[in-house]
file data.pdb (PDB, C-alpha atoms)
ATOM      1  CA  MET A   1       3.358  12.584 -44.407
ATOM      2  CA  THR A   2       0.830  12.389 -41.552
ATOM      3  CA  ASP A   3       1.435  13.014 -37.859
ATOM      4  CA  ALA A   4       1.099   9.261 -37.250
ATOM      5  CA  ASP A   5       3.799   8.507 -39.839
ATOM      6  CA  GLU A   6       6.155  11.010 -38.219
ATOM      7  CA  LYS A   7       5.807   9.188 -34.897
ATOM      8  CA  ASN A   8       6.457   5.768 -36.393
ATOM      9  CA  HIS A   9       9.778   4.187 -37.209
ATOM     10  CA  ALA A  10      10.517   1.616 -39.889
ATOM     11  CA  VAL A  11      12.121  -1.569 -38.592
ATOM     12  CA  ALA A  12      13.459  -4.574 -40.465
ATOM     13  CA  ILE A  13      14.086  -7.718 -38.438
ATOM     14  CA  ASN A  14      15.050 -11.208 -39.557
ATOM     15  CA  VAL A  15      12.491 -13.304 -37.634
ATOM     16  CA  ASN A  16      12.887 -17.082 -37.750
ATOM     17  CA  GLY A  17      14.827 -16.783 -40.992
ATOM     18  CA  VAL A  18      12.364 -14.425 -42.708
ATOM     19  CA  ARG A  19      12.959 -10.695 -43.162
ATOM     20  CA  ARG A  20      10.004  -8.845 -41.655
ATOM     21  CA  THR A  21       9.344  -5.114 -41.783
ATOM     22  CA  ALA A  22       6.980  -2.916 -39.841
ATOM     23  CA  SER A  23       6.270   0.672 -38.972
ATOM     24  CA  VAL A  24       6.169   0.987 -35.194
ATOM     25  CA  GLU A  25       5.740   3.626 -32.545
ATOM     26  CA  ALA A  26       8.971   4.353 -30.689
ATOM     27  CA  ARG A  27       7.513   2.962 -27.449
ATOM     28  CA  LYS A  28       6.277  -0.372 -28.862
ATOM     29  CA  LEU A  29       7.855  -3.365 -27.152
ATOM     30  CA  LEU A  30       9.374  -6.111 -29.271
ATOM     31  CA  VAL A  31       7.112  -8.707 -27.639
ATOM     32  CA  HIS A  32       4.056  -6.811 -28.922
ATOM     33  CA  LEU A  33       5.509  -6.492 -32.420
ATOM     34  CA  LEU A  34       6.112 -10.242 -32.510
ATOM     35  CA  ARG A  35       2.695 -11.171 -31.130
ATOM     36  CA  ASP A  36       0.371  -8.488 -32.459
ATOM     37  CA  ASP A  37       1.921  -7.549 -35.792
ATOM     38  CA  PHE A  38       3.719 -10.733 -36.813
ATOM     39  CA  GLY A  39       1.266 -13.239 -35.258
ATOM     40  CA  LEU A  40       3.967 -15.147 -33.345
ATOM     41  CA  THR A  41       1.928 -15.826 -30.230
ATOM     42  CA  GLY A  42       4.208 -18.508 -28.790
ATOM     43  CA  THR A  43       6.116 -15.678 -27.135
ATOM     44  CA  HIS A  44       3.966 -14.882 -24.109
ATOM     45  CA  VAL A  45       3.413 -11.669 -22.193
ATOM     46  CA  GLY A  46       3.381 -12.642 -18.561
ATOM     47  CA  CYS A  47       4.314  -9.562 -16.572
ATOM     48  CA  ASP A  48       5.698  -6.736 -18.776
ATOM     49  CA  THR A  49       8.299  -6.140 -16.057
ATOM     50  CA  SER A  50      10.986  -8.700 -17.026
ATOM     51  CA  GLN A  51      10.253 -10.828 -13.946
ATOM     52  CA  CYS A  52       8.674 -13.978 -15.398
ATOM     53  CA  GLY A  53      10.684 -14.841 -18.534
ATOM     54  CA  ALA A  54       7.644 -15.995 -20.552
ATOM     55  CA  CYS A  55       8.644 -13.619 -23.350
ATOM     56  CA  THR A  56      12.219 -14.911 -23.728
ATOM     57  CA  ILE A  57      13.437 -15.077 -27.327
ATOM     58  CA  ASP A  58      16.816 -15.204 -29.047
ATOM     59  CA  ILE A  59      18.207 -11.942 -30.419
ATOM     60  CA  ASP A  60      21.463 -12.234 -32.328
ATOM     61  CA  GLY A  61      22.365 -15.433 -30.494
ATOM     62  CA  LYS A  62      21.459 -14.349 -26.979
ATOM     63  CA  ALA A  63      18.389 -15.169 -24.878
ATOM     64  CA  ILE A  64      16.617 -11.880 -24.123
ATOM     65  CA  LYS A  65      13.299 -11.042 -22.473
ATOM     66  CA  SER A  66      11.440  -9.343 -25.306
ATOM     67  CA  CYS A  67       9.371  -7.197 -22.929
ATOM     68  CA  THR A  68      12.595  -5.327 -22.097
ATOM     69  CA  ILE A  69      13.426  -4.380 -25.687
ATOM     70  CA  LEU A  70      11.758  -1.758 -27.804
ATOM     71  CA  ALA A  71      10.967  -2.918 -31.331
ATOM     72  CA  VAL A  72      13.082  -0.089 -32.753
ATOM     73  CA  MET A  73      16.076  -1.401 -30.784
ATOM     74  CA  ALA A  74      15.779  -4.730 -32.629
ATOM     75  CA  ASP A  75      16.000  -3.102 -36.057
ATOM     76  CA  GLY A  76      18.564  -5.036 -38.107
ATOM     77  CA  SER A  77      18.665  -7.939 -35.658
ATOM     78  CA  SER A  78      18.149 -11.627 -36.158
ATOM     79  CA  VAL A  79      15.393 -12.964 -33.880
ATOM     80  CA  THR A  80      14.402 -16.543 -33.162
ATOM     81  CA  THR A  81      11.149 -17.275 -31.373
ATOM     82  CA  ILE A  82       9.787 -20.608 -30.180
ATOM     83  CA  GLU A  83       8.063 -20.965 -33.570
ATOM     84  CA  GLY A  84      11.479 -20.890 -35.273
ATOM     85  CA  LEU A  85      13.039 -23.758 -33.312
ATOM     86  CA  ALA A  86      11.408 -26.859 -34.714
ATOM     87  CA  PRO A  87      12.394 -28.032 -38.179
ATOM     88  CA  GLY A  88       9.674 -28.427 -40.784
ATOM     89  CA  GLY A  89       7.527 -31.516 -40.972
ATOM     90  CA  GLY A  90       6.233 -31.412 -37.407
ATOM     91  CA  ALA A  91       9.358 -32.736 -35.682
ATOM     92  CA  LEU A  92      10.117 -31.173 -32.319
ATOM     93  CA  HIS A  93      13.378 -29.433 -31.480
ATOM     94  CA  PRO A  94      15.420 -31.655 -29.099
ATOM     95  CA  ILE A  95      14.698 -29.334 -26.160
ATOM     96  CA  GLN A  96      10.973 -29.393 -26.923
ATOM     97  CA  ALA A  97      11.106 -33.180 -27.175
ATOM     98  CA  ALA A  98      12.899 -33.442 -23.822
ATOM     99  CA  PHE A  99      10.280 -31.200 -22.185
ATOM    100  CA  HIS A 100       7.566 -33.460 -23.598
ATOM    101  CA  GLU A 101       9.307 -36.681 -22.623
ATOM    102  CA  HIS A 102       9.979 -35.544 -19.055
ATOM    103  CA  HIS A 103       6.568 -33.912 -18.523
ATOM    104  CA  ALA A 104       8.314 -30.566 -18.053
ATOM    105  CA  LEU A 105       5.225 -28.525 -18.718
ATOM    106  CA  GLN A 106       1.839 -28.214 -17.142
ATOM    107  CA  CYS A 107      -0.212 -25.235 -18.307
ATOM    108  CA  GLY A 108       2.459 -24.395 -20.917
ATOM    109  CA  PHE A 109       2.450 -20.642 -20.346
ATOM    110  CA  CYS A 110       6.116 -20.491 -19.286
ATOM    111  CA  THR A 111       7.308 -23.247 -21.603
ATOM    112  CA  ALA A 112       8.413 -21.177 -24.616
ATOM    113  CA  GLY A 113      10.460 -18.836 -22.434
ATOM    114  CA  MET A 114      11.933 -21.760 -20.498
ATOM    115  CA  ILE A 115      12.932 -23.524 -23.717
ATOM    116  CA  MET A 116      14.564 -20.394 -25.138
ATOM    117  CA  SER A 117      16.511 -19.890 -21.882
ATOM    118  CA  VAL A 118      17.566 -23.556 -21.797
ATOM    119  CA  ARG A 119      18.727 -23.266 -25.408
ATOM    120  CA  GLN A 120      21.040 -20.402 -24.414
ATOM    121  CA  LEU A 121      22.340 -22.337 -21.397
ATOM    122  CA  LEU A 122      23.140 -25.429 -23.448
ATOM    123  CA  LYS A 123      24.930 -23.346 -26.097
ATOM    124  CA  GLN A 124      27.168 -21.880 -23.392
ATOM    125  CA  ASN A 125      27.451 -24.994 -21.257
ATOM    126  CA  PRO A 126      26.505 -28.293 -22.939
ATOM    127  CA  ASN A 127      26.855 -30.238 -19.701
ATOM    128  CA  PRO A 128      25.453 -28.113 -16.856
ATOM    129  CA  THR A 129      25.052 -29.394 -13.323
ATOM    130  CA  GLU A 130      21.669 -29.353 -11.619
ATOM    131  CA  ARG A 131      22.750 -26.261  -9.713
ATOM    132  CA  GLU A 132      23.789 -24.493 -12.932
ATOM    133  CA  ILE A 133      20.466 -25.399 -14.556
ATOM    134  CA  ARG A 134      18.489 -24.039 -11.619
ATOM    135  CA  HIS A 135      20.624 -20.882 -11.520
ATOM    136  CA  ASN A 136      20.126 -20.308 -15.256
ATOM    137  CA  LEU A 137      16.365 -20.687 -14.956
ATOM    138  CA  ALA A 138      16.116 -18.235 -12.039
ATOM    139  CA  GLY A 139      14.818 -15.579 -14.441
ATOM    140  CA  ASN A 140      11.939 -17.772 -15.597
ATOM    141  CA  ILE A 141       8.913 -18.369 -13.417
ATOM    142  CA  CYS A 142       6.745 -21.474 -13.638
ATOM    143  CA  ARG A 143       3.542 -20.692 -11.789
ATOM    144  CA  CYS A 144       2.629 -24.383 -11.833
ATOM    145  CA  THR A 145       5.861 -25.132  -9.931
ATOM    146  CA  GLY A 146       7.022 -27.624 -12.517
ATOM    147  CA  TYR A 147      10.704 -26.929 -11.918
ATOM    148  CA  HIS A 148      11.642 -30.491 -10.947
ATOM    149  CA  ASN A 149      10.638 -31.941 -14.305
ATOM    150  CA  ILE A 150      12.076 -28.971 -16.185
ATOM    151  CA  VAL A 151      15.450 -29.577 -14.547
ATOM    152  CA  ARG A 152      15.197 -33.302 -15.363
ATOM    153  CA  ALA A 153      14.463 -32.497 -19.009
ATOM    154  CA  VAL A 154      17.532 -30.272 -19.219
ATOM    155  CA  GLU A 155      19.690 -32.881 -17.490
ATOM    156  CA  SER A 156      18.593 -35.401 -20.133
ATOM    157  CA  LEU A 157      20.047 -33.086 -22.787
ATOM    158  CA  ALA A 158      23.237 -32.294 -20.923
ATOM    159  CA  SER A 159      25.925 -33.810 -23.088
ATOM    160  CA  GLY A 160      27.873 -33.016 -26.191
ATOM    161  CA  ALA A 161      25.840 -35.617 -28.074
ATOM    162  CA  HIS A 162      22.884 -33.278 -28.685
ATOM    163  CA  ARG A 163      22.547 -30.226 -30.908
ATOM    164  CA  HIS A 164      20.787 -27.326 -29.213
ATOM    165  CA  ASP A 165      20.824 -24.574 -31.828
TER     166      ASP A 165
END
call {"tool": "encode", "arguments": {"input": "data.pdb", "output": "structure tokens"}}
result
Amino acid sequence: MTDADEKNHAVAINVNGVRRTASVEARKLLVHLLRDDFGLTGTHVGCDTSQCGACTIDIDGKAIKSCTILAVMADGSSVTTIEGLAPGGGALHPIQAAFHEHHALQCGFCTAGMIMSVRQLLKQNPNPTEREIRHNLAGNICRCTGYHNIVRAVESLASGAHRHD
């Protein structure tokens, strides 16, 4: 065993329905494992300080900023990234479709994190008010200031008639 191997830890994570394994340094952030090792670049690194929300993913059913989690902490977890939302065949997830329909994206940098946060909100509260939507999205920053259309997209989904998982 080499010195490098002694410093690394084996992790196994179910990512978007596929079991993935890696050997990671103890200090490696989950966002970097997803992007750099697994090639899932839809999860963005915006600040590395948990301020912007661009790295938001789902871990075991909860929206989490992946720059706040070490990869070793996710060992054994089930992770869903933006790439895991849409069904096969090119169809968009309903939240993605609502963002598109309501022009709720500009540069797109924050979009994946916004969508993952909205998904969590709609699971917990399928019919949020505008105030609840804005409160929920407080941890996600849109540098293009596209909040108005993002809120409208979420309002269009707010009903029990849509599936958000």
call {"tool": "closest_atom_pairs", "arguments": {"input": "data.pdb", "of": "segment 41-156 of chain A", "to": "segment 3-27 of chain A", "cutoff": "12 Å", "atoms": "only C-alpha atoms", "output": "tab-separated table"}}
result
residue	atom	partner	partner_atom	distance
A:Ile57	CA	A:Val15	CA	10.5
A:Asp58	CA	A:Asn16	CA	9.7
A:Ile59	CA	A:Val15	CA	9.3
A:Asp60	CA	A:Asn14	CA	9.7
A:Cys67	CA	A:Arg27	CA	11.3
A:Thr68	CA	A:Arg27	CA	11.1
A:Ile69	CA	A:Arg27	CA	9.6
A:Leu70	CA	A:Arg27	CA	6.4
A:Ala71	CA	A:Val24	CA	7.3
A:Val72	CA	A:Val11	CA	6.1
A:Met73	CA	A:Val11	CA	8.8
A:Ala74	CA	A:Ile13	CA	6.7
A:Asp75	CA	A:Val11	CA	4.9
A:Gly76	CA	A:Ile13	CA	5.2
A:Ser77	CA	A:Ile13	CA	5.4
A:Ser78	CA	A:Asn14	CA	4.6
A:Val79	CA	A:Val15	CA	4.8
A:Thr80	CA	A:Asn16	CA	4.9
A:Thr81	CA	A:Asn16	CA	6.6
A:Ile82	CA	A:Asn16	CA	8.9
A:Glu83	CA	A:Asn16	CA	7.5
A:Gly84	CA	A:Asn16	CA	4.8
A:Leu85	CA	A:Asn16	CA	8.0
A:Ala86	CA	A:Asn16	CA	10.3
A:Pro87	CA	A:Asn16	CA	11.0
call {"tool": "atom_distance", "arguments": {"input": "data.pdb", "atom1": "atom CA of Phe38 of chain A", "atom2": "atom CA of Gln51 of chain A"}}
result
23.8 Å
call {"tool": "resolve_selection", "arguments": {"input": "data.pdb", "expression": "the PyMOL selection byres ((chain A and resi 111) around 10)", "output": "count of residues only"}}
result
27
call {"tool": "atom_distance", "arguments": {"input": "data.pdb", "atom1": "atom CA of Ile133 of chain A", "atom2": "atom CA of Tyr147 of chain A"}}
result
10.2 Å
call {"tool": "closest_residue", "arguments": {"input": "data.pdb", "among": "A:Asn149, A:Thr41, A:Ser156, A:Thr129", "to": "His103 of chain A", "atoms": "all atoms listed in the file"}}
result
A:Asn149
call {"tool": "closest_residue", "arguments": {"input": "data.pdb", "among": "A:Ala91, A:Asp48, A:Ser66, A:Asn127", "to": "Val154 of chain A", "atoms": "only C-alpha atoms"}}
result
A:Asn127
call {"tool": "atom_distance", "arguments": {"input": "data.pdb", "atom1": "atom CA of Leu40 of chain A", "atom2": "atom CA of Gly146 of chain A"}}
result
24.5 Å
call {"tool": "closest_residue", "arguments": {"input": "data.pdb", "among": "A:Gln124, A:Lys28, A:Lys65, A:Leu92", "to": "Val45 of chain A", "atoms": "all atoms listed in the file"}}
result
A:Lys65
call {"tool": "decode", "arguments": {"input": "data.pdb", "residues": "segment 60-105 of chain A", "atoms": "N, CA and C atoms", "output": "PDB file, in the first residue's frame"}}
result
ATOM      1  N   ASP A  60     -30.188  11.667  -0.339  1.00  0.00           N
ATOM      2  CA  ASP A  60     -31.154  10.900   0.460  1.00  0.00           C
ATOM      3  C   ASP A  60     -32.461  11.661   0.659  1.00  0.00           C
ATOM      4  N   GLY A  61     -32.929  12.304  -0.408  1.00  0.00           N
ATOM      5  CA  GLY A  61     -34.227  12.967  -0.376  1.00  0.00           C
ATOM      6  C   GLY A  61     -34.232  14.393   0.120  1.00  0.00           C
ATOM      7  N   LYS A  62     -33.064  14.965   0.342  1.00  0.00           N
ATOM      8  CA  LYS A  62     -33.005  16.332   0.861  1.00  0.00           C
ATOM      9  C   LYS A  62     -32.071  17.183   0.009  1.00  0.00           C
ATOM     10  N   ALA A  63     -32.507  18.394  -0.323  1.00  0.00           N
ATOM     11  CA  ALA A  63     -31.672  19.320  -1.090  1.00  0.00           C
ATOM     12  C   ALA A  63     -30.527  19.799  -0.205  1.00  0.00           C
ATOM     13  N   ILE A  64     -29.297  19.589  -0.689  1.00  0.00           N
ATOM     14  CA  ILE A  64     -28.087  19.921   0.060  1.00  0.00           C
ATOM     15  C   ILE A  64     -27.109  20.612  -0.887  1.00  0.00           C
ATOM     16  N   LYS A  65     -26.402  21.604  -0.367  1.00  0.00           N
ATOM     17  CA  LYS A  65     -25.335  22.248  -1.139  1.00  0.00           C
ATOM     18  C   LYS A  65     -24.112  21.341  -1.083  1.00  0.00           C
ATOM     19  N   SER A  66     -23.729  20.803  -2.232  1.00  0.00           N
ATOM     20  CA  SER A  66     -22.681  19.785  -2.262  1.00  0.00           C
ATOM     21  C   SER A  66     -21.289  20.328  -1.986  1.00  0.00           C
ATOM     22  N   CYS A  67     -21.133  21.654  -1.917  1.00  0.00           N
ATOM     23  CA  CYS A  67     -19.833  22.207  -1.517  1.00  0.00           C
ATOM     24  C   CYS A  67     -19.680  22.211  -0.003  1.00  0.00           C
ATOM     25  N   THR A  68     -20.715  21.788   0.718  1.00  0.00           N
ATOM     26  CA  THR A  68     -20.646  21.745   2.185  1.00  0.00           C
ATOM     27  C   THR A  68     -20.464  20.326   2.706  1.00  0.00           C
ATOM     28  N   ILE A  69     -20.382  19.364   1.795  1.00  0.00           N
ATOM     29  CA  ILE A  69     -20.308  17.956   2.182  1.00  0.00           C
ATOM     30  C   ILE A  69     -19.017  17.347   1.640  1.00  0.00           C
ATOM     31  N   LEU A  70     -18.292  16.689   2.489  1.00  0.00           N
ATOM     32  CA  LEU A  70     -17.136  15.943   2.025  1.00  0.00           C
ATOM     33  C   LEU A  70     -17.624  14.682   1.320  1.00  0.00           C
ATOM     34  N   ALA A  71     -16.895  14.256   0.300  1.00  0.00           N
ATOM     35  CA  ALA A  71     -17.280  13.054  -0.435  1.00  0.00           C
ATOM     36  C   ALA A  71     -17.380  11.848   0.489  1.00  0.00           C
ATOM     37  N   VAL A  72     -16.481  11.749   1.458  1.00  0.00           N
ATOM     38  CA  VAL A  72     -16.521  10.602   2.378  1.00  0.00           C
ATOM     39  C   VAL A  72     -17.783  10.603   3.230  1.00  0.00           C
ATOM     40  N   MET A  73     -18.358  11.775   3.463  1.00  0.00           N
ATOM     41  CA  MET A  73     -19.601  11.863   4.245  1.00  0.00           C
ATOM     42  C   MET A  73     -20.792  11.328   3.459  1.00  0.00           C
ATOM     43  N   ALA A  74     -20.681  11.299   2.132  1.00  0.00           N
ATOM     44  CA  ALA A  74     -21.773  10.822   1.284  1.00  0.00           C
ATOM     45  C   ALA A  74     -21.698   9.321   1.024  1.00  0.00           C
ATOM     46  N   ASP A  75     -20.680   8.667   1.549  1.00  0.00           N
ATOM     47  CA  ASP A  75     -20.530   7.229   1.353  1.00  0.00           C
ATOM     48  C   ASP A  75     -21.815   6.515   1.782  1.00  0.00           C
ATOM     49  N   GLY A  76     -22.352   5.687   0.902  1.00  0.00           N
ATOM     50  CA  GLY A  76     -23.571   4.938   1.194  1.00  0.00           C
ATOM     51  C   GLY A  76     -24.853   5.683   0.899  1.00  0.00           C
ATOM     52  N   SER A  77     -24.738   6.928   0.462  1.00  0.00           N
ATOM     53  CA  SER A  77     -25.922   7.752   0.201  1.00  0.00           C
ATOM     54  C   SER A  77     -26.457   7.548  -1.204  1.00  0.00           C
ATOM     55  N   SER A  78     -27.663   8.048  -1.378  1.00  0.00           N
ATOM     56  CA  SER A  78     -28.284   8.106  -2.698  1.00  0.00           C
ATOM     57  C   SER A  78     -28.326   9.574  -3.111  1.00  0.00           C
ATOM     58  N   VAL A  79     -27.693   9.892  -4.237  1.00  0.00           N
ATOM     59  CA  VAL A  79     -27.555  11.268  -4.706  1.00  0.00           C
ATOM     60  C   VAL A  79     -28.268  11.424  -6.045  1.00  0.00           C
ATOM     61  N   THR A  80     -29.004  12.524  -6.167  1.00  0.00           N
ATOM     62  CA  THR A  80     -29.584  12.882  -7.461  1.00  0.00           C
ATOM     63  C   THR A  80     -29.050  14.249  -7.832  1.00  0.00           C
ATOM     64  N   THR A  81     -28.516  14.341  -9.048  1.00  0.00           N
ATOM     65  CA  THR A  81     -28.046  15.612  -9.583  1.00  0.00           C
ATOM     66  C   THR A  81     -29.024  16.053 -10.664  1.00  0.00           C
ATOM     67  N   ILE A  82     -28.807  17.223 -11.212  1.00  0.00           N
ATOM     68  CA  ILE A  82     -29.671  17.731 -12.276  1.00  0.00           C
ATOM     69  C   ILE A  82     -29.723  16.751 -13.452  1.00  0.00           C
ATOM     70  N   GLU A  83     -28.629  16.047 -13.710  1.00  0.00           N
ATOM     71  CA  GLU A  83     -28.603  15.084 -14.815  1.00  0.00           C
ATOM     72  C   GLU A  83     -29.550  13.914 -14.570  1.00  0.00           C
ATOM     73  N   GLY A  84     -29.881  13.643 -13.312  1.00  0.00           N
ATOM     74  CA  GLY A  84     -30.741  12.511 -12.976  1.00  0.00           C
ATOM     75  C   GLY A  84     -32.219  12.826 -12.942  1.00  0.00           C
ATOM     76  N   LEU A  85     -32.593  14.083 -13.197  1.00  0.00           N
ATOM     77  CA  LEU A  85     -34.015  14.452 -13.103  1.00  0.00           C
ATOM     78  C   LEU A  85     -34.839  14.062 -14.313  1.00  0.00           C
ATOM     79  N   ALA A  86     -34.350  14.358 -15.480  1.00  0.00           N
ATOM     80  CA  ALA A  86     -35.150  14.158 -16.690  1.00  0.00           C
ATOM     81  C   ALA A  86     -35.216  12.680 -17.063  1.00  0.00           C
ATOM     82  N   PRO A  87     -36.385  12.217 -17.448  1.00  0.00           N
ATOM     83  CA  PRO A  87     -36.495  10.834 -17.913  1.00  0.00           C
ATOM     84  C   PRO A  87     -35.766  10.683 -19.244  1.00  0.00           C
ATOM     85  N   GLY A  88     -35.505   9.458 -19.630  1.00  0.00           N
ATOM     86  CA  GLY A  88     -34.830   9.212 -20.902  1.00  0.00           C
ATOM     87  C   GLY A  88     -35.634   9.720 -22.085  1.00  0.00           C
ATOM     88  N   GLY A  89     -34.989   9.803 -23.222  1.00  0.00           N
ATOM     89  CA  GLY A  89     -35.675  10.204 -24.436  1.00  0.00           C
ATOM     90  C   GLY A  89     -35.723  11.707 -24.667  1.00  0.00           C
ATOM     91  N   GLY A  90     -35.010  12.470 -23.859  1.00  0.00           N
ATOM     92  CA  GLY A  90     -34.922  13.906 -24.082  1.00  0.00           C
ATOM     93  C   GLY A  90     -36.035  14.748 -23.482  1.00  0.00           C
ATOM     94  N   ALA A  91     -37.012  14.125 -22.838  1.00  0.00           N
ATOM     95  CA  ALA A  91     -38.086  14.902 -22.213  1.00  0.00           C
ATOM     96  C   ALA A  91     -37.545  15.617 -20.984  1.00  0.00           C
ATOM     97  N   LEU A  92     -38.022  16.813 -20.741  1.00  0.00           N
ATOM     98  CA  LEU A  92     -37.613  17.571 -19.570  1.00  0.00           C
ATOM     99  C   LEU A  92     -38.430  17.163 -18.351  1.00  0.00           C
ATOM    100  N   HIS A  93     -37.820  17.278 -17.182  1.00  0.00           N
ATOM    101  CA  HIS A  93     -38.547  17.130 -15.924  1.00  0.00           C
ATOM    102  C   HIS A  93     -39.555  18.284 -15.868  1.00  0.00           C
ATOM    103  N   PRO A  94     -40.698  18.124 -15.220  1.00  0.00           N
ATOM    104  CA  PRO A  94     -41.688  19.213 -15.163  1.00  0.00           C
ATOM    105  C   PRO A  94     -41.131  20.541 -14.644  1.00  0.00           C
ATOM    106  N   ILE A  95     -40.214  20.506 -13.693  1.00  0.00           N
ATOM    107  CA  ILE A  95     -39.640  21.756 -13.193  1.00  0.00           C
ATOM    108  C   ILE A  95     -38.751  22.385 -14.263  1.00  0.00           C
ATOM    109  N   GLN A  96     -37.978  21.572 -14.956  1.00  0.00           N
ATOM    110  CA  GLN A  96     -37.152  22.089 -16.050  1.00  0.00           C
ATOM    111  C   GLN A  96     -38.036  22.690 -17.137  1.00  0.00           C
ATOM    112  N   ALA A  97     -39.123  22.019 -17.461  1.00  0.00           N
ATOM    113  CA  ALA A  97     -40.036  22.512 -18.484  1.00  0.00           C
ATOM    114  C   ALA A  97     -40.661  23.838 -18.065  1.00  0.00           C
ATOM    115  N   ALA A  98     -41.028  23.965 -16.799  1.00  0.00           N
ATOM    116  CA  ALA A  98     -41.608  25.219 -16.309  1.00  0.00           C
ATOM    117  C   ALA A  98     -40.580  26.349 -16.368  1.00  0.00           C
ATOM    118  N   PHE A  99     -39.328  26.061 -16.017  1.00  0.00           N
ATOM    119  CA  PHE A  99     -38.281  27.080 -16.127  1.00  0.00           C
ATOM    120  C   PHE A  99     -38.139  27.529 -17.575  1.00  0.00           C
ATOM    121  N   HIS A 100     -38.166  26.588 -18.495  1.00  0.00           N
ATOM    122  CA  HIS A 100     -38.066  26.923 -19.921  1.00  0.00           C
ATOM    123  C   HIS A 100     -39.265  27.748 -20.379  1.00  0.00           C
ATOM    124  N   GLU A 101     -40.435  27.289 -20.043  1.00  0.00           N
ATOM    125  CA  GLU A 101     -41.671  27.950 -20.477  1.00  0.00           C
ATOM    126  C   GLU A 101     -41.799  29.377 -19.941  1.00  0.00           C
ATOM    127  N   HIS A 102     -41.321  29.603 -18.738  1.00  0.00           N
ATOM    128  CA  HIS A 102     -41.467  30.914 -18.101  1.00  0.00           C
ATOM    129  C   HIS A 102     -40.193  31.754 -18.165  1.00  0.00           C
ATOM    130  N   HIS A 103     -39.262  31.328 -19.029  1.00  0.00           N
ATOM    131  CA  HIS A 103     -38.004  32.068 -19.223  1.00  0.00           C
ATOM    132  C   HIS A 103     -37.322  32.324 -17.883  1.00  0.00           C
ATOM    133  N   ALA A 104     -37.249  31.290 -17.059  1.00  0.00           N
ATOM    134  CA  ALA A 104     -36.716  31.406 -15.707  1.00  0.00           C
ATOM    135  C   ALA A 104     -35.217  31.128 -15.655  1.00  0.00           C
ATOM    136  N   LEU A 105     -34.550  31.395 -16.726  1.00  0.00           N
ATOM    137  CA  LEU A 105     -33.100  31.266 -16.738  1.00  0.00           C
ATOM    138  C   LEU A 105     -32.548  32.272 -17.727  1.00  0.00           C
TER     139      LEU A 105
END
